[in-house]
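Worksheet: the structure to be examined is printed underneath.
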Amino acid sequence: MPCLRACNLLDTAEGTRLHSTECTQWQRWGPYLSERQWGTVREDYSADGTAWDYFPHDHARSRAYRWGEDGIAGFGDDTLNWCVSLALWNRHDPIIKERLFGLTNSQGNHGEDVKELYFYQDGTPTHSYMRMLYKYPHAAYPYADLVEENARRGADLPEYEVLDTGVFDHSRYFDVTVEYAKHTHEDIVMRVTVENRGDVAASLDVLPQIWARNKWSWKGLEDKPSLMLERMRDRTYLFGRHPSHESIIVSAWRKDTGYGTGVEWLFCENDTNVMRLYGMDAVGPFKDGFNDYLVHGQREAVRRDAGSKAGAHVSLELEPHGEAVVYLRWRVASMPDEVPLDADALFAHRIAEADEFYGALQREIEDPDERLVQRQALAGMLWSKQYYQFDVQRWMDGDPAQPVPPSGRRRGRNADWRHLCNADIVSMPDKWEYPWYASWDLAFHAAALALIDPAFAKRQLLLLVKDRYQHPNGQLPAYEWAFSDANPPVHAWAAWRVYEIDRSLTGKGDRDFLELVFHKLLLNFSWWVNRKDADGRNIFQGGFLGLDNVGIFDRSSPLPTGGHIDQADGTAWMAAYALDLMRIALELAYENRVFVDIGVKFFEHFLYIAEAVSCDDGCETGLWDGQDSFFYDKLRLPDGSNVPMRVRSIVGLIPLFAVHVLEHRLHHTLPGLHERLMWFFRHRPDLARLVSRWNEPGKGNSLLLSLLRGHRMKALLRRALDEAEFLSDYGVRALSRVHCDAPFVYRHDGKEFSVKYLPAESDSRVFGGNSNWRGPIWMPVNFLLIESLYEFHRYYGDEFRVEYPTGSGIRLSLREIGDELARRMTRLFLKGRDGKRPVMGAYPQLQADPRSQDLVLFHEYFHGDNGRGVGASHQTGWSGLVALLLQPREAASSGLLPTASETEQAVAAK
C-alpha cells in the first residue's frame with residue numbers, strides 16, 4: 001500500500017487545502033480547456049459523421065465551438081464561462097499560434113498525431129500552481145511540410161515529426177513557460193516567460209487572452225458576456241460581466257514596465273466568421289480578429305474598447321538568449337484590489353508549497369530522477385483534466401437558434417444514447433489525440449490520481465455510473481466515437497484501488513463511495529452477462545475490448561466467416577470483475593451483513609466462469625490449449641464447429657489477472673461467510689476442486705481464487721517471462737516475438753488474414769493506424785500483471801519460485817518477479833547509463849540538450865524492443881501509472897504495487 005500516512009501529505013499547506021471544506025472552491029478554476037475541440041464527434045454536425053472533415057483545424061480559429069473550448073496552456077472555470085490561454089506569433093507564420101496543430105486520422109500515415117513540442121512540468125491537485133512548457137520556432141511553422149510529407153509516407157514508414165523538419169535546429173526557437181498561481185481561489189495570475197534559445201535575435205508577439213465561451217449563438221440568448229476597457233490613473237484594466245459568473249477584473253503587464261502597463265488591449269467577439277467560412281455578409285469583429293489584425297494588418301478586425309474576447313498584446317524583440325515576462329491577472333470584482341501585487345513572490349510561495357507537497361509524497365524515494373519522473377507524470381494527469389460537455393439529445397435534435405441537424409443522425413452514431421448528458425470536469429487520456437473520456441482509461445487514471453487527490457479520483461469513478469452517463473440497460477459509455485463499444489470492465493478494480501489508497505491516506509475507508517459505486521456496477525455486471533455471453537455458457541464475447549488490432553479480425557464488427565469469437569480476454573475480464581465485486585461486497589459486509597450473501601454470489605459466479613474457461617482440451621467451452629499451454633480465442637463458425645486462433649498475444653495472458661486470495665484471518669468475523677462457502681463446496685464438489693486451499697497454523701484457511709492452478713500459471717509465466725517471446729527489457733509485450741518470423745495466418749474464402757509481430761506503429765490502416773497491440777508494450781496490462789503476481793505471492797509465498805527470465809536458471813518468488821517487471825517498466829522513463837531515456841528515443845535533439853534532458857513524455861504505448869514512445873505523446877492517463885510504480889509500498893499483501901525489489905543486481909550479475 002502506498003506510504004501516504006507516513007508521508008504526512010495532510011500536514012502540508014497543499015494537503016490541508018486539498019482536504020478542507022474549501023477544496024471545491026480552490027478547484028473551481030483549473031486547466032479545463034481541451035487542446036483540440038475541432039475534429040471531435042461533439043462538434044460534428046455533418047450528414048455522414050465525418051468529424052475530422054466537418055470541423056478541420058483551418059476552421060478552428062474562425063468558427064465558434066458548440067460544446068467546449070481549446071487553447072495552449074488553457075485555464076478556465078469549471079463550466080468554462082471564462083477561458084484563458086496563450087497565443088503567439090513569430091511574424092513568419094501564416095496564422096497566429098492559438099492552438100496545437102496536428103494531423104487528422106486520414107492525414108497521418110499512422111493516424112491522428114499532434115505535431116508540437118510541449119511538456120507538462122508541474123502542478124498541484126488544487127491547481128494553486130501549474131506549469132507547462134511550449135517550444136515555438138523562430139521560423140515559420142512547417143504546416144504544409146508536415147501534411148505533405150506524411151501524405152507521401154505509407155504505413156510501413158515512420159511518422160514525419162516536427163523535429164524532422166529542421167525548424168528547431170541550432171536551438172533557434174523560443175522556450176515559452178506558462179505558469180498559473182492562485183493568490184486566492186478567485187484571484188489568479190498567469191505568468192508567461194519567454195526565452196530566446198537561439199544565438200540570433202528574434203521577434204515574438206505574445207498574446208495572453210481571456211474570453212467567454214459562446215453559449216448565445218446556440219440558445220439565442222440576448223444577455224451576452226462582455227469585457228470592457230476601463231482606466232484608473234496610469235493603469236488600464238478590463239471589467240468582465242457574465243450572466244453565469246460573478247463580474248471579474250482583468251489586468252495585464254510586462255515585468256519591465258510595471259503593474260497594469262506595457263500591453264495593447266485588443267478585443268473581438270467569440271463568434272463565427274461567416275464571411276470567411278461561408279461567404280455571408282456580416283459585421284465583425286469575429287473570433288479570428290486577433291489573427292487578422294496581427295498577421296494581415298486588418299485594423300477593422302479588432303476593437304479597442306470591448307468584446308467577448310480580449311487579448312493583452314505584447315510585442316517582444318529578444319536578443320540572443322534574451323528573456324521577457326508577461327503577466328495576466330483576473331479576480332472577482334467583489335474582492336479588494338491588493339495593488340501592487342508582488343506576482344513573483346506569489347509564484348515563489350506557491351512553488352515552495354508544491355515542493356513541500358511532493359517532498360512529503362516522495363520522502364522515501366531516494367533517486368532524484370525517479371522523483372522527477374513521478375512528479376511530471378502526476379503533473380501531466382493534472383493538466384489533462386478537461387471540461388467535457390455533450391448532450392446527445394440536443395446534439396441530435398439541434399439548438400433553438402441553429403438549423404436542424406441532418407435527420408440521418410437520429411439513426412447514426414450513438415443514436416441509442418440519447419439519455420447521455422455530460423457536463424463535468426473529466427480526466428482525459430490525452431487532450432489532443434483523445435480529448436474525450438474512455439471508460440477503462442478513466443479507471444486507470446483514477447487509480448493513479450488517488451495518490452495525490454483521492455476525492456477527485458472517487459468523483460471520476462462515480463461519474464460513469466451516474467444516470468446521465470450509464471445507459472439504462474447498465475452499460476458504461478466507452479467513448480464518444482461509439483459509446484456502445486465495450487471497454488474492459490475494470491471499474492470495480494479501480495474503485496477498490498482508490499478506496500484502499502484513500503483509506504491509507506485518511507485512515508478511514510469511504511464506505512459510502514464504495515457502496516454507491518457497487519450498486520451501480522451490479523447493473524453493469526448484469527449487462528455484461530446478458531449481452532456478451534451469447535450462449536449462456538459463461539464464455540464472453542466482449543468485442544474489441546480496447547485492444548484494437550490484437551486479433552486477425554475486427555472484433556467489434558461482423559466476422560467475414562460469420563459466427564462469433566469466444567474471447568479469452570473477455571472471459572478473463574469477467575472472471576476478474578466477479579472477484580472484484582466479491583471483494584467489495586465482503587468489505588461492505590463488515591457493517592451490513594446483507595452483503596455476505598451478495599459476495600458469495602459473486603464467488604459462485606467466478607467459479608462458473610472458471611469451470612467454463614479452464615476445462616480440458618476437447619470440451620465445449622474451454623479456451624485452454626494443452627498443446628501450447630496457452631489461452632486462445634476460439635472462432636465459432638455458423639456450422640457449429642470451432643477453430644482456436646493460435647495467436648500468442650496478451651489476450652492469452654489476461655487470465656492471470658483474475659486472482660484473489662480469500663483469507664480466513666481477514667474474513668472470519670463475517671457472520672455466515674464460512675458456512676455459505678462450506679455449503680457450496682459440499683454441494684458443488686466439481687467447482688470446489690477449482691479452489692486451492694492452504695491451512696496455515698494460527699491463521700486458518702487461505703483460498704486461492706484463480707483461473708489458473710499452479711501448473712497452468714507456471715506454463716503461462718514461462719511464455720510471459722521468455723525474452724524470445726513476451727518479455728522485453730521494458731516490460732511485457734502485447735504479442736509474442738515468435739510471430740516475428742512465424743506470423744499467424746488464417747485462410748477463409750480465398751483470403752488470408754494474418755497477425756505479425758510489429759514492435760511499434762501498425763502497418764495497417766484497417767483499425768485506424770494510431771494504435772497497435774501487435775508487439776508494443778502497454779502500461780495498463782503490465783500494471784495489472786505485476787499486481788496479479790503480488791496477489792499470487794500472497795498465497796504461494798516465497799517458497800514458490802519461477803524461472804526468471806525463462807531459460808536463465810535464476811528462480812525467483814512471484815513477488816520478486818513483480819519487482820523486476822515494475823523495474824523494467826520504470827526504466828522506460830528513467831535515464832540509463834548513457835544519460836538517455838528510452839521513452840524519448842524519437843527526440844534525440846532534446847536528449848542531447850542539457851536544458852531539455854529532463855523533459856519527459858508519457859506516450860500511449862512503447863516500442864516492444866527499444867522502449868521508444870509510440871502513439872499519443874501525452875497519454876499521461878494510463879501511462880501515468882508509473883507514478884504508482886515508483887511509490888514505495890508498506891506491504892505487498894495490500895494488493896497494491898511495491899517498488900522494485902533488490903534482486904535486480906543479483907539477476908543482472910547471474
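Residues in the C-alpha cells are numbered from 1 in each chain, the chains being A, B, ... in the order shown, and ligands are numbered from 1 in the order shown.
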Practice prompt. Please identify which residues in segment 24-253 of chain A DSSP calls strand (DSSP E or B) from the backbone, and express them as an NGL selection string.
Written response: :A and (29-30 or 34 or 70 or 72-77 or 82-89 or 97 or 102-103 or 109 or 111 or 113-114 or 117-123 or 129-137 or 173-184 or 187-196 or 202-212 or 226-232 or 235-242 or 245-253)
Discussion item. Residues near Phe239 of chain A, anyone? I mean within 10 Å using only C-alpha atoms, not counting same-chain ones fewer than 2 positions away, as a ChimeraX atom specification.
Written reply: /A:226-230,237,241,247-251,306,330,332-333
List as a tab-separated table every residue of segment 784-833 of chain A that is in contact with segment 680-693 of chain A, defined as an atom at most 12 Å from one of its atoms (using only C-alpha atoms), together with the nearest atom pair and the distance in Å rounded to one decimal, sorted by chain and then rising number.
```
residue	atom	partner	partner_atom	distance
A:Phe792	CA	A:Ser692	CA	11.5
A:Tyr795	CA	A:Arg693	CA	9.1
A:Tyr796	CA	A:Ser692	CA	10.3
```
Practice prompt. Between atom CA of Glu264 of chain A and atom CA of Thr236 of chain A, measure the distance and give it in Å to one decimal.
Written response: 9.8 Å
Which residues of segment 426-495 of chain A sit at most 12 Å from segment 336-358 of chain A, using only C-alpha atoms? Give each one's shortest atom pair and distance in Å (one decimal place), in chain and ascending residue order, as a tab-separated table.
```
residue	atom	partner	partner_atom	distance
A:Leu451	CA	A:Tyr358	CA	10.9
A:Ile452	CA	A:Tyr358	CA	9.0
A:Asp453	CA	A:Phe357	CA	11.7
```
Discussion item. Would you pick out the contacts of segment 197-213 of chain A at 8 Å or less, using only C-alpha atoms, so that residues sharing its chain but fewer than 3 positions from it are not included, and give the list as an MDAnalysis selection string?
Written reply: chainID A and resid 68:69 80:91 138 170:175 225:226 242 270 308:322 328
Worksheet item: Which is closest to Leu462 of chain A among A:Glu433, A:Val490, A:Lys520, A:Tyr577, if we use only C-alpha atoms?
Response: A:Lys520
If we count only C-alpha atoms and set the cut-off at 8 Å, which residues sit around Phe290 of chain A, ignoring sequence neighbours fewer than 2 positions away in its own chain? Please answer as a PDB file with N, CA and C atoms, in the first residue's frame.
```
ATOM      1  N   LEU A 266      -6.588  44.317 -27.121  1.00  0.00           N
ATOM      2  CA  LEU A 266      -7.350  44.076 -28.341  1.00  0.00           C
ATOM      3  C   LEU A 266      -8.630  43.332 -27.976  1.00  0.00           C
ATOM      4  N   PHE A 267      -9.704  43.591 -28.750  1.00  0.00           N
ATOM      5  CA  PHE A 267     -10.991  42.951 -28.478  1.00  0.00           C
ATOM      6  C   PHE A 267     -11.604  42.432 -29.782  1.00  0.00           C
ATOM      7  N   CYS A 268     -12.325  41.337 -29.651  1.00  0.00           N
ATOM      8  CA  CYS A 268     -13.157  40.836 -30.744  1.00  0.00           C
ATOM      9  C   CYS A 268     -14.299  40.045 -30.106  1.00  0.00           C
ATOM     10  N   LYS A 287     -14.233  35.792 -34.167  1.00  0.00           N
ATOM     11  CA  LYS A 287     -13.326  35.015 -33.325  1.00  0.00           C
ATOM     12  C   LYS A 287     -11.877  35.107 -33.791  1.00  0.00           C
ATOM     13  N   ASP A 288     -11.655  35.207 -35.096  1.00  0.00           N
ATOM     14  CA  ASP A 288     -10.296  35.253 -35.642  1.00  0.00           C
ATOM     15  C   ASP A 288      -9.753  36.671 -35.778  1.00  0.00           C
ATOM     16  N   ASP A 292      -6.300  38.168 -37.771  1.00  0.00           N
ATOM     17  CA  ASP A 292      -6.353  39.031 -38.944  1.00  0.00           C
ATOM     18  C   ASP A 292      -5.677  40.380 -38.689  1.00  0.00           C
ATOM     19  N   TYR A 293      -5.724  40.849 -37.461  1.00  0.00           N
ATOM     20  CA  TYR A 293      -5.079  42.118 -37.120  1.00  0.00           C
ATOM     21  C   TYR A 293      -3.559  41.971 -37.131  1.00  0.00           C
ATOM     22  N   LEU A 294      -3.040  40.939 -36.475  1.00  0.00           N
ATOM     23  CA  LEU A 294      -1.598  40.791 -36.374  1.00  0.00           C
ATOM     24  C   LEU A 294      -0.976  40.314 -37.689  1.00  0.00           C
ATOM     25  N   ALA A 301     -10.459  44.398 -37.885  1.00  0.00           N
ATOM     26  CA  ALA A 301     -10.721  43.056 -37.372  1.00  0.00           C
ATOM     27  C   ALA A 301     -10.798  43.021 -35.854  1.00  0.00           C
ATOM     28  N   VAL A 302     -10.393  44.109 -35.205  1.00  0.00           N
ATOM     29  CA  VAL A 302     -10.436  44.171 -33.742  1.00  0.00           C
ATOM     30  C   VAL A 302     -11.092  45.473 -33.303  1.00  0.00           C
ATOM     31  N   GLY A 311      -7.441  40.292 -25.652  1.00  0.00           N
ATOM     32  CA  GLY A 311      -6.055  39.851 -25.637  1.00  0.00           C
ATOM     33  C   GLY A 311      -5.138  40.980 -25.234  1.00  0.00           C
TER      34      GLY A 311
END
```
Practice prompt. Work out how far apart atom CA of Lys714 of chain A and atom CA of Ser629 of chain A are and give it in Å to one decimal.
Written response: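 According to the coordinates, atom CA of Lys714 of chain A and atom CA of Ser629 of chain A are separated by 9.6 Å.
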At a cut-off of 12 Å, using only C-alpha atoms, what residues contact segment 839-846 of chain A? Leave out same-chain residues fewer than 5 positions from it and give the result as an mmCIF file with N, CA and C atoms, in the first residue's frame.
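Here's the written file result_5.cif:
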```cif
data_model
loop_
_atom_site.group_PDB
_atom_site.id
_atom_site.type_symbol
_atom_site.label_atom_id
_atom_site.label_comp_id
_atom_site.auth_asym_id
_atom_site.auth_seq_id
_atom_site.Cartn_x
_atom_site.Cartn_y
_atom_site.Cartn_z
ATOM 1 N N LEU A 117 5.780 20.470 -29.777
ATOM 2 C CA LEU A 117 6.624 20.130 -28.643
ATOM 3 C C LEU A 117 6.131 20.890 -27.422
ATOM 4 N N TYR A 118 5.518 20.178 -26.494
ATOM 5 C CA TYR A 118 5.037 20.791 -25.261
ATOM 6 C C TYR A 118 5.112 19.766 -24.142
ATOM 7 N N PHE A 119 5.298 20.262 -22.925
ATOM 8 C CA PHE A 119 5.578 19.389 -21.795
ATOM 9 C C PHE A 119 4.891 19.925 -20.545
ATOM 10 N N LYS A 135 7.453 24.834 -26.904
ATOM 11 C CA LYS A 135 8.588 25.224 -27.738
ATOM 12 C C LYS A 135 8.077 25.707 -29.091
ATOM 13 N N PRO A 158 8.163 5.409 -40.785
ATOM 14 C CA PRO A 158 7.930 6.155 -39.539
ATOM 15 C C PRO A 158 7.216 7.472 -39.804
ATOM 16 N N GLU A 159 6.643 8.039 -38.764
ATOM 17 C CA GLU A 159 5.969 9.324 -38.886
ATOM 18 C C GLU A 159 6.993 10.440 -39.070
ATOM 19 N N TYR A 160 6.595 11.443 -39.793
ATOM 20 C CA TYR A 160 7.422 12.626 -40.011
ATOM 21 C C TYR A 160 7.034 13.644 -38.947
ATOM 22 N N GLU A 161 7.969 13.909 -38.028
ATOM 23 C CA GLU A 161 7.666 14.742 -36.876
ATOM 24 C C GLU A 161 8.231 16.148 -37.056
ATOM 25 N N VAL A 162 7.824 17.052 -36.188
ATOM 26 C CA VAL A 162 8.227 18.444 -36.338
ATOM 27 C C VAL A 162 9.736 18.612 -36.162
ATOM 28 N N LEU A 163 10.364 17.778 -35.333
ATOM 29 C CA LEU A 163 11.819 17.866 -35.204
ATOM 30 C C LEU A 163 12.521 17.441 -36.485
ATOM 31 N N ASP A 164 11.873 16.570 -37.273
ATOM 32 C CA ASP A 164 12.479 16.106 -38.529
ATOM 33 C C ASP A 164 12.534 17.208 -39.579
ATOM 34 N N GLY A 166 13.605 20.204 -39.282
ATOM 35 C CA GLY A 166 14.758 21.087 -39.129
ATOM 36 C C GLY A 166 14.427 22.447 -38.578
ATOM 37 N N VAL A 167 13.161 22.717 -38.298
ATOM 38 C CA VAL A 167 12.771 24.051 -37.864
ATOM 39 C C VAL A 167 13.290 24.383 -36.461
ATOM 40 N N PHE A 168 13.688 23.355 -35.699
ATOM 41 C CA PHE A 168 14.234 23.598 -34.364
ATOM 42 C C PHE A 168 15.763 23.471 -34.318
ATOM 43 N N ASP A 169 16.383 23.310 -35.471
ATOM 44 C CA ASP A 169 17.834 23.154 -35.497
ATOM 45 C C ASP A 169 18.539 24.404 -34.968
ATOM 46 N N HIS A 170 19.731 24.186 -34.387
ATOM 47 C CA HIS A 170 20.571 25.263 -33.852
ATOM 48 C C HIS A 170 19.864 26.034 -32.731
ATOM 49 N N SER A 171 18.901 25.390 -32.107
ATOM 50 C CA SER A 171 18.172 25.988 -30.965
ATOM 51 C C SER A 171 17.519 27.315 -31.328
ATOM 52 N N VAL A 373 10.472 12.026 -12.513
ATOM 53 C CA VAL A 373 9.534 11.333 -13.399
ATOM 54 C C VAL A 373 8.167 11.224 -12.745
ATOM 55 N N TYR A 730 11.764 -3.669 -21.248
ATOM 56 C CA TYR A 730 10.945 -2.597 -20.692
ATOM 57 C C TYR A 730 9.535 -3.045 -20.331
ATOM 58 N N ALA A 760 6.230 -1.531 -32.939
ATOM 59 C CA ALA A 760 5.884 -0.118 -32.730
ATOM 60 C C ALA A 760 4.577 0.212 -33.437
ATOM 61 N N ILE A 777 4.650 -2.498 -25.954
ATOM 62 C CA ILE A 777 4.438 -2.623 -24.510
ATOM 63 C C ILE A 777 3.374 -1.607 -24.112
ATOM 64 N N MET A 825 9.453 -1.582 -16.290
ATOM 65 C CA MET A 825 8.516 -0.556 -16.753
ATOM 66 C C MET A 825 9.011 0.846 -16.401
ATOM 67 N N THR A 826 9.558 1.024 -15.213
ATOM 68 C CA THR A 826 10.023 2.361 -14.838
ATOM 69 C C THR A 826 11.263 2.763 -15.632
ATOM 70 N N ARG A 827 12.043 1.767 -16.103
ATOM 71 C CA ARG A 827 13.213 2.076 -16.933
ATOM 72 C C ARG A 827 12.835 2.845 -18.198
ATOM 73 N N LEU A 828 11.595 2.683 -18.645
ATOM 74 C CA LEU A 828 11.151 3.400 -19.838
ATOM 75 C C LEU A 828 11.397 4.897 -19.714
ATOM 76 N N PHE A 829 11.210 5.435 -18.517
ATOM 77 C CA PHE A 829 11.195 6.884 -18.319
ATOM 78 C C PHE A 829 12.471 7.418 -17.666
ATOM 79 N N LEU A 830 13.252 6.542 -17.061
ATOM 80 C CA LEU A 830 14.422 6.979 -16.311
ATOM 81 C C LEU A 830 15.651 7.023 -17.204
ATOM 82 N N LYS A 831 16.588 7.886 -16.846
ATOM 83 C CA LYS A 831 17.836 7.964 -17.574
ATOM 84 C C LYS A 831 18.630 6.672 -17.396
ATOM 85 N N GLY A 832 19.143 6.150 -18.501
ATOM 86 C CA GLY A 832 20.003 4.983 -18.440
ATOM 87 C C GLY A 832 21.449 5.392 -18.224
ATOM 88 N N ARG A 851 19.477 21.365 -21.385
ATOM 89 C CA ARG A 851 18.312 22.090 -20.878
ATOM 90 C C ARG A 851 17.016 21.308 -21.085
ATOM 91 N N SER A 852 17.049 20.283 -21.921
ATOM 92 C CA SER A 852 15.826 19.539 -22.238
ATOM 93 C C SER A 852 15.871 18.078 -21.830
ATOM 94 N N GLN A 853 16.983 17.636 -21.252
ATOM 95 C CA GLN A 853 17.127 16.228 -20.910
ATOM 96 C C GLN A 853 16.127 15.764 -19.858
ATOM 97 N N ASP A 854 15.620 16.679 -19.067
ATOM 98 C CA ASP A 854 14.691 16.298 -18.005
ATOM 99 C C ASP A 854 13.234 16.501 -18.394
ATOM 100 N N LEU A 855 12.985 16.724 -19.668
ATOM 101 C CA LEU A 855 11.613 16.796 -20.160
ATOM 102 C C LEU A 855 11.174 15.384 -20.546
ATOM 103 N N VAL A 856 10.054 14.942 -19.993
ATOM 104 C CA VAL A 856 9.611 13.565 -20.177
ATOM 105 C C VAL A 856 8.215 13.566 -20.794
ATOM 106 N N LEU A 857 8.025 12.724 -21.802
ATOM 107 C CA LEU A 857 6.706 12.495 -22.376
ATOM 108 C C LEU A 857 6.201 11.128 -21.928
ATOM 109 N N PHE A 858 4.891 10.996 -21.827
ATOM 110 C CA PHE A 858 4.272 9.758 -21.360
ATOM 111 C C PHE A 858 3.370 9.240 -22.482
ATOM 112 N N HIS A 859 3.994 8.453 -23.346
ATOM 113 C CA HIS A 859 3.323 8.014 -24.562
ATOM 114 C C HIS A 859 2.252 6.964 -24.268
ATOM 115 N N GLU A 860 1.420 6.764 -25.276
ATOM 116 C CA GLU A 860 0.312 5.816 -25.183
ATOM 117 C C GLU A 860 0.809 4.387 -25.025
ATOM 118 N N TYR A 861 1.857 4.038 -25.746
ATOM 119 C CA TYR A 861 2.468 2.710 -25.625
ATOM 120 C C TYR A 861 3.926 2.824 -26.045
ATOM 121 N N PHE A 862 4.668 1.696 -26.072
ATOM 122 C CA PHE A 862 6.118 1.772 -26.184
ATOM 123 C C PHE A 862 6.648 0.657 -27.090
ATOM 124 N N HIS A 863 7.685 0.979 -27.822
ATOM 125 C CA HIS A 863 8.308 0.043 -28.758
ATOM 126 C C HIS A 863 8.686 -1.239 -28.017
ATOM 127 N N GLY A 864 8.300 -2.373 -28.585
ATOM 128 C CA GLY A 864 8.487 -3.638 -27.902
ATOM 129 C C GLY A 864 9.924 -4.066 -27.745
ATOM 130 N N ASP A 865 10.850 -3.443 -28.481
ATOM 131 C CA ASP A 865 12.254 -3.839 -28.395
ATOM 132 C C ASP A 865 13.143 -2.779 -27.751
ATOM 133 N N ASN A 866 12.884 -1.500 -28.030
ATOM 134 C CA ASN A 866 13.792 -0.468 -27.506
ATOM 135 C C ASN A 866 13.125 0.533 -26.570
ATOM 136 N N GLY A 867 11.809 0.422 -26.347
ATOM 137 C CA GLY A 867 11.129 1.279 -25.386
ATOM 138 C C GLY A 867 10.736 2.652 -25.884
ATOM 139 N N ARG A 868 11.012 2.969 -27.148
ATOM 140 C CA ARG A 868 10.641 4.289 -27.682
ATOM 141 C C ARG A 868 9.146 4.547 -27.526
ATOM 142 N N GLY A 869 8.791 5.766 -27.147
ATOM 143 C CA GLY A 869 7.393 6.123 -27.024
ATOM 144 C C GLY A 869 6.687 6.123 -28.358
ATOM 145 N N VAL A 870 5.466 5.579 -28.403
ATOM 146 C CA VAL A 870 4.690 5.461 -29.634
ATOM 147 C C VAL A 870 3.260 5.901 -29.342
ATOM 148 N N GLY A 871 2.564 6.338 -30.379
ATOM 149 C CA GLY A 871 1.166 6.729 -30.214
ATOM 150 C C GLY A 871 1.044 8.108 -29.594
ATOM 151 N N SER A 873 1.337 11.239 -27.582
ATOM 152 C CA SER A 873 2.551 11.602 -26.847
ATOM 153 C C SER A 873 2.293 12.120 -25.448
ATOM 154 N N HIS A 874 1.057 12.426 -25.112
ATOM 155 C CA HIS A 874 0.741 12.948 -23.779
ATOM 156 C C HIS A 874 -0.334 12.103 -23.105
ATOM 157 N N SER A 879 -0.454 5.759 -18.811
ATOM 158 C CA SER A 879 0.995 5.663 -18.652
ATOM 159 C C SER A 879 1.445 6.375 -17.384
#
```
Item to complete: Counting only C-alpha atoms, figure out which residue out of A:Ala612, A:Ile96, A:Val326, A:Ile817 gets nearest to His793 of chain A.
Response: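 Smallest distance to His793 of chain A is found for A:Ile817.
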Worksheet item: Neighbours of Trp527 of chain A within 12 Å (only C-alpha atoms; same-chain residues fewer than 2 positions away dropped), as a PyMOL selection string?
Response: chain A and resi 470-476+484+486+489+520-525+529-534+540+542+574
Export of the given selection (N, CA and C atoms) as an mmCIF file, in the first residue's frame:
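The new file part-v5.cif reads:
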```
data_model
loop_
_atom_site.group_PDB
_atom_site.id
_atom_site.type_symbol
_atom_site.label_atom_id
_atom_site.label_comp_id
_atom_site.auth_asym_id
_atom_site.auth_seq_id
_atom_site.Cartn_x
_atom_site.Cartn_y
_atom_site.Cartn_z
ATOM 1 N N GLN A 470 -24.308 6.378 -17.422
ATOM 2 C CA GLN A 470 -24.593 4.952 -17.583
ATOM 3 C C GLN A 470 -25.896 4.738 -18.325
ATOM 4 N N HIS A 471 -25.887 3.822 -19.280
ATOM 5 C CA HIS A 471 -27.077 3.531 -20.058
ATOM 6 C C HIS A 471 -28.135 2.892 -19.160
ATOM 7 N N PRO A 472 -29.425 3.115 -19.428
ATOM 8 C CA PRO A 472 -30.465 2.443 -18.633
ATOM 9 C C PRO A 472 -30.330 0.926 -18.597
ATOM 10 N N ASN A 473 -29.687 0.350 -19.612
ATOM 11 C CA ASN A 473 -29.512 -1.107 -19.606
ATOM 12 C C ASN A 473 -28.309 -1.549 -18.774
ATOM 13 N N GLY A 474 -27.562 -0.574 -18.219
ATOM 14 C CA GLY A 474 -26.440 -0.890 -17.354
ATOM 15 C C GLY A 474 -25.080 -0.706 -17.980
ATOM 16 N N GLN A 475 -24.999 -0.519 -19.294
ATOM 17 C CA GLN A 475 -23.698 -0.379 -19.942
ATOM 18 C C GLN A 475 -23.055 0.953 -19.577
ATOM 19 N N LEU A 476 -21.735 0.943 -19.433
ATOM 20 C CA LEU A 476 -20.986 2.174 -19.253
ATOM 21 C C LEU A 476 -20.571 2.696 -20.620
ATOM 22 N N SER A 484 -21.344 2.678 -27.503
ATOM 23 C CA SER A 484 -21.794 1.299 -27.303
ATOM 24 C C SER A 484 -20.686 0.267 -27.427
ATOM 25 N N ALA A 486 -17.482 -1.820 -26.148
ATOM 26 C CA ALA A 486 -17.225 -2.330 -24.798
ATOM 27 C C ALA A 486 -15.745 -2.226 -24.478
ATOM 28 N N PRO A 489 -14.051 -4.355 -18.399
ATOM 29 C CA PRO A 489 -14.772 -3.933 -17.185
ATOM 30 C C PRO A 489 -13.848 -3.868 -15.980
ATOM 31 N N LYS A 520 -24.318 0.444 -8.527
ATOM 32 C CA LYS A 520 -24.434 0.742 -9.955
ATOM 33 C C LYS A 520 -23.675 -0.279 -10.801
ATOM 34 N N LEU A 521 -22.589 -0.829 -10.255
ATOM 35 C CA LEU A 521 -21.844 -1.837 -11.003
ATOM 36 C C LEU A 521 -22.573 -3.173 -11.047
ATOM 37 N N LEU A 522 -23.475 -3.396 -10.111
ATOM 38 C CA LEU A 522 -24.318 -4.589 -10.216
ATOM 39 C C LEU A 522 -25.110 -4.567 -11.520
ATOM 40 N N LEU A 523 -25.605 -3.384 -11.887
ATOM 41 C CA LEU A 523 -26.334 -3.244 -13.144
ATOM 42 C C LEU A 523 -25.410 -3.497 -14.331
ATOM 43 N N ASN A 524 -24.190 -2.968 -14.234
ATOM 44 C CA ASN A 524 -23.249 -3.145 -15.327
ATOM 45 C C ASN A 524 -22.834 -4.604 -15.479
ATOM 46 N N PHE A 525 -22.613 -5.294 -14.377
ATOM 47 C CA PHE A 525 -22.254 -6.710 -14.443
ATOM 48 C C PHE A 525 -23.380 -7.506 -15.110
ATOM 49 N N VAL A 529 -23.345 -9.907 -18.537
ATOM 50 C CA VAL A 529 -23.818 -11.291 -18.552
ATOM 51 C C VAL A 529 -24.907 -11.468 -19.593
ATOM 52 N N ASN A 530 -25.808 -10.502 -19.689
ATOM 53 C CA ASN A 530 -26.955 -10.639 -20.594
ATOM 54 C C ASN A 530 -26.606 -10.356 -22.059
ATOM 55 N N ARG A 531 -25.643 -9.456 -22.283
ATOM 56 C CA ARG A 531 -25.356 -9.017 -23.651
ATOM 57 C C ARG A 531 -24.122 -9.663 -24.268
ATOM 58 N N LYS A 532 -23.163 -10.066 -23.458
ATOM 59 C CA LYS A 532 -21.884 -10.516 -24.001
ATOM 60 C C LYS A 532 -21.614 -12.006 -23.793
ATOM 61 N N ASP A 533 -22.569 -12.716 -23.200
ATOM 62 C CA ASP A 533 -22.465 -14.175 -23.091
ATOM 63 C C ASP A 533 -23.559 -14.743 -23.990
ATOM 64 N N ALA A 534 -23.253 -14.813 -25.293
ATOM 65 C CA ALA A 534 -24.276 -15.069 -26.305
ATOM 66 C C ALA A 534 -25.045 -16.357 -26.060
ATOM 67 N N PHE A 540 -17.373 -15.321 -22.768
ATOM 68 C CA PHE A 540 -17.828 -13.988 -23.157
ATOM 69 C C PHE A 540 -17.220 -13.527 -24.470
ATOM 70 N N GLY A 542 -16.692 -9.968 -25.781
ATOM 71 C CA GLY A 542 -16.793 -8.550 -25.431
ATOM 72 C C GLY A 542 -16.591 -7.585 -26.571
ATOM 73 N N MET A 574 -14.219 -10.795 -17.194
ATOM 74 C CA MET A 574 -15.442 -11.012 -16.421
ATOM 75 C C MET A 574 -15.174 -11.816 -15.155
#
```
